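A.B. asks: The structure is given below, and queries will be raised subsequently.
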Amino acid sequence: MATRHHWIVRVTHWVNAVALTIMVTSGLRIFNAYPAFARKGQSFCCYPFAGKAIPAWLTFGGWLAGARHWHFAAMWVLVINGLIYLGFIYLHGEWRDLVPRRGQLRDAWEMTRFYLFVRPDHPLQGKHNALQRGAYFTLPIFAALAVISGIAIWKPVELGWLTALLGGYVWARYWHFLAMLAIVVLSFVHIFMVFAVDPYSLRSITTGGYNEAKSPEARNARPLWWKRPAVEHAAAPSAPEIE
Amino acid sequence: MSMNRRRFFALSGASVTAAFLAACDSQGPDRAQSLLALAERKNESAGRFLFRHTSIDRVSRGAVLAGSAFPAYYVSDNVPVWDPASRGPWTLEVGGLVDRPLRLSLDDVLRMPRTTQRVNHFCVEGWNAVADWTGTRLSELAKLAGVRSTAQYVDFASFDDGYHESWDLASAMHPQTLIAYGMDGRMLGPDHGAPARVHSPVKLGYKNTKYLVRVTFMAERNGGYWSDQGYEWYGGT
């Protein structure tokens with residue numbers, strides 16, 4: 001059985017999962033100290049939930065200082081781990097499975113048609129289908145936006161040029177929040193799709209092993225539309241004839 | 001009990017969820033605290049590395065003065081007000097590793113070189129507020145007192161129930177770090193630290209001691225009111 005994901009990809013995936021969870025939950029605890037964006041004495045156009053705290057069960061860190069310590073520690077894990085991943089897929093060639101290629105939009109449309117039962121057969125794909133490629137390519141972009149806007153909030157004076165580039169402190173906080181939301185939405189869709197269409201990929205991202213015969217493409221599987229892999233029944237040995 | 005693969009996955013899923021829910025809103029495992037302390041030290045180094053006296057906070061165009069919406073905090077039960085009848089006239093004591101320890105009246109401070117600046121106030125909670133601050137640069141005070149080369153830290157102490165915060169000397173000497181006695185063109189009110197306070201955009205709000213009475217130059221840091229309770233000591237922006 002082929003190894004689907006290099007061990008560096010597998011390790012960085014799970015380190016990222018933990019670091020991202022800590023960053024999001026501790027970030028929401030920090031946000032709860034001032035769950036709004038407006039500069040004091042001004043209003044902010046684009047956040048309808050100002051003043052409403054995030055439910056405590058979605059937060060981590062216990063209190064503002066605790067959450068800040070987790071946030072400012074896990075950020076190093078997230079960034080270093082992310083750089084290892086990006087550096088690896090760049091040097092090792094895996095980026096070719098992820099960057100948009102010619103016909104990406106058409107392929108994504110065909111995938112959507114298949115999922116909506118308009119198209120009967122699963123489109124041909126390489127390692128990932130077009131929708132996956134889109135998601136896995138977009139996620140690091142949102143992550144980069146989250147990191148850059150995060151640095152701009154962390155050092156709004158020392159790196160004031162960066163904060164100004166993002167529209168000032170208030171907007172930098174807003175981009176940071178939106179980038180977080182985008183990452184959370186993509187992650188939840190990702191996790192849903194793992195269980196809904198390709199649970200066998202859990203194994204490939206953990207131990208690396210993947211049976212291509214069980215891929216959604218091979219099973220013609222849609223989300224929540226379970227298709228078991230075809231089992232080849234060996235013909236039972238027939239009894240010898242009586243002479 | 002037999003454990004097939006399906007059951008194994010269900011159990012692992014359930015235990016991960018349980019661990020996650022147990023962690024919610026907690027401060028995390030105790031064993032992690034030393035790692036967090038290490039990260040805080042590294043982040044202080046990063047902050048000191050990035051620090052420049054030439055990094056100047058500029059308020060974005062269109063920013064409005066917070067005015068009465070500028071939040072006011074103190075740790076006493078009531079607004080701390082200096083009462084000359086019981087405490088005598090307010091003075092600012094400058095001491096520690098200096099050649100000329102000072103005891104300045106408010107008039108003395110008012111006679112020092114004056115700076116007015118429109119800057120941000122960055123609160124640890126995440127909000128920012130803009131005000132015009134008037135005062136004298138801390139570097140002027142340091143010059144007047146003759147700070148010795150052994151001084152690496154400064155402590156700012158208040159008459160607000162023992163509140164104080166210590167700073168690294170470099171941040172204190174930043175041209176936007178003021179001993180402020182005016183706000184938005186008026187003398188500082190009791191809500192915002194009258195008669196004088198520290199104000200600087202280069203440190204988070206809690207480092208900016210209000211109700212200032214004593215500036216002490218030191219060779220070692222001595223923590224602070226919020227720093228001792230777990231907030232980052234450096235608190236640089």
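Ordering of the structure tokens sets the chain letters (A, B, ...); residue numbers start at 1 within each chain; ligands are numbered from 1 in the order shown.
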Using only C-alpha atoms, find the residues of chain B whose closest atom to chain A is at most 6 Å away, then write them as a ChimeraX atom specification.
C.D. replies: /B:24-27,36,39,51,55,57,66,69,125-126,128-129,231,237
A.B. asks: Can you write out the residues you just picked, keeping N, CA and C atoms, as a short mmCIF file (atom, residue, chain, number, x, y, z; two decimals), in the first residue's frame?
C.D. replies:
data_model
loop_
_atom_site.label_atom_id
_atom_site.label_comp_id
_atom_site.auth_asym_id
_atom_site.auth_seq_id
_atom_site.Cartn_x
_atom_site.Cartn_y
_atom_site.Cartn_z
N CYS B 24 -12.05 23.45 28.33
CA CYS B 24 -12.72 24.71 28.04
C CYS B 24 -12.67 25.68 29.20
N ASP B 25 -12.31 26.91 28.88
CA ASP B 25 -12.33 27.98 29.86
C ASP B 25 -11.38 27.72 31.03
N SER B 26 -10.50 26.72 30.91
CA SER B 26 -9.54 26.50 31.99
C SER B 26 -8.22 27.17 31.61
N GLN B 27 -7.29 27.18 32.55
CA GLN B 27 -5.99 27.78 32.27
C GLN B 27 -5.02 26.77 31.70
N LEU B 36 4.94 28.25 29.15
CA LEU B 36 4.36 29.56 28.88
C LEU B 36 5.29 30.66 29.40
N ALA B 39 8.00 31.08 26.92
CA ALA B 39 7.53 31.85 25.77
C ALA B 39 7.45 33.33 26.11
N PHE B 51 12.22 46.97 19.49
CA PHE B 51 12.01 48.31 20.04
C PHE B 51 12.97 49.33 19.43
N SER B 55 10.55 54.45 16.44
CA SER B 55 9.20 53.97 16.13
C SER B 55 8.22 54.86 16.88
N ASP B 57 4.37 56.33 17.49
CA ASP B 57 2.95 56.06 17.29
C ASP B 57 2.31 57.24 16.60
N ALA B 66 -11.22 60.27 22.15
CA ALA B 66 -12.18 59.47 22.91
C ALA B 66 -12.98 60.34 23.88
N ALA B 69 -15.48 59.13 26.57
CA ALA B 69 -15.56 57.67 26.38
C ALA B 69 -14.24 56.99 26.73
N GLU B 125 -6.95 44.82 27.08
CA GLU B 125 -8.25 44.20 26.76
C GLU B 125 -8.52 44.18 25.26
N GLY B 126 -7.82 45.03 24.51
CA GLY B 126 -8.03 45.02 23.07
C GLY B 126 -8.54 46.32 22.50
N ASN B 128 -8.55 50.51 21.88
CA ASN B 128 -7.62 51.62 21.87
C ASN B 128 -8.42 52.91 21.93
N ALA B 129 -7.79 53.96 22.42
CA ALA B 129 -8.46 55.24 22.58
C ALA B 129 -7.45 56.33 22.30
N TYR B 231 -0.13 39.09 34.33
CA TYR B 231 -0.02 39.73 33.03
C TYR B 231 1.45 39.87 32.66
N THR B 237 4.30 47.55 23.04
CA THR B 237 3.51 47.58 21.82
C THR B 237 4.40 47.79 20.60
#
A.B. asks: Per DSSP on the backbone, what are the alpha helix (DSSP H) residues of range 1-181 of chain A, as a ChimeraX atom specification?
C.D. replies: /A:7-31,64-92,104-115,130-154,160-165,169-181
A.B. asks: Of the candidates A:Cys46, A:Leu224, A:Leu186, A:Val77, which shows the shortest atom-to-atom distance to Trp14 in chain A, using only C-alpha atoms?
C.D. replies: A:Val77
A.B. asks: Can you pull out every residue from range 122-206 of chain B that DSSP, working from the backbone, puts in strand (DSSP E or B), and format the result as a CSV table (one decimal) with C-alpha atoms, in the first residue's frame?
C.D. replies:
chain,number,residue,atom,x,y,z
B,122,PHE,CA,-3.6,50.5,23.8
B,128,ASN,CA,-7.6,51.6,21.9
B,129,ALA,CA,-8.5,55.2,22.6
B,130,VAL,CA,-7.0,58.5,21.3
B,131,ALA,CA,-6.3,61.5,23.4
B,132,ASP,CA,-4.0,64.6,23.4
B,133,TRP,CA,-1.6,64.2,26.3
B,134,THR,CA,0.5,67.1,27.7
B,135,GLY,CA,3.4,66.6,30.0
B,136,THR,CA,7.2,66.4,30.1
B,137,ARG,CA,9.2,63.5,28.7
B,147,VAL,CA,20.5,58.7,36.0
B,153,TYR,CA,14.8,49.6,35.0
B,154,VAL,CA,12.4,52.2,36.3
B,155,ASP,CA,9.5,51.8,38.7
B,156,PHE,CA,6.5,54.1,38.6
B,157,ALA,CA,4.6,54.1,41.9
B,158,SER,CA,1.2,55.6,42.7
B,164,HIS,CA,3.0,50.4,40.6
B,165,GLU,CA,4.6,49.0,37.4
B,166,SER,CA,8.3,48.7,36.5
B,167,TRP,CA,9.6,49.3,33.0
B,168,ASP,CA,12.8,48.6,31.1
B,178,LEU,CA,5.5,61.3,29.2
B,179,ILE,CA,4.9,62.3,32.8
B,180,ALA,CA,1.5,63.7,31.8
B,181,TYR,CA,-0.5,66.3,33.7
B,182,GLY,CA,-2.8,67.4,30.8
B,183,MET,CA,-5.3,65.6,28.7
B,186,ARG,CA,-7.1,70.5,30.2
B,187,MET,CA,-5.4,69.6,33.4
B,197,ARG,CA,0.6,60.0,35.5
B,198,VAL,CA,2.8,58.0,33.1
B,199,HIS,CA,1.5,57.9,29.6
B,203,LYS,CA,3.4,50.1,26.6
A.B. asks: May I have the residues within 9 Å of range 196-199 of chain A as a ChimeraX atom specification, using only C-alpha atoms and disregarding those fewer than 6 positions away in the same chain?
C.D. replies: /A:214-216,221-227
A.B. asks: Can you measure CA of Leu116 in chain A to CA of Phe192 in chain A for me? One decimal in Å is fine.
C.D. replies: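 Atom-to-atom, CA of Leu116 in chain A to CA of Phe192 in chain A, that is 16.6 Å.
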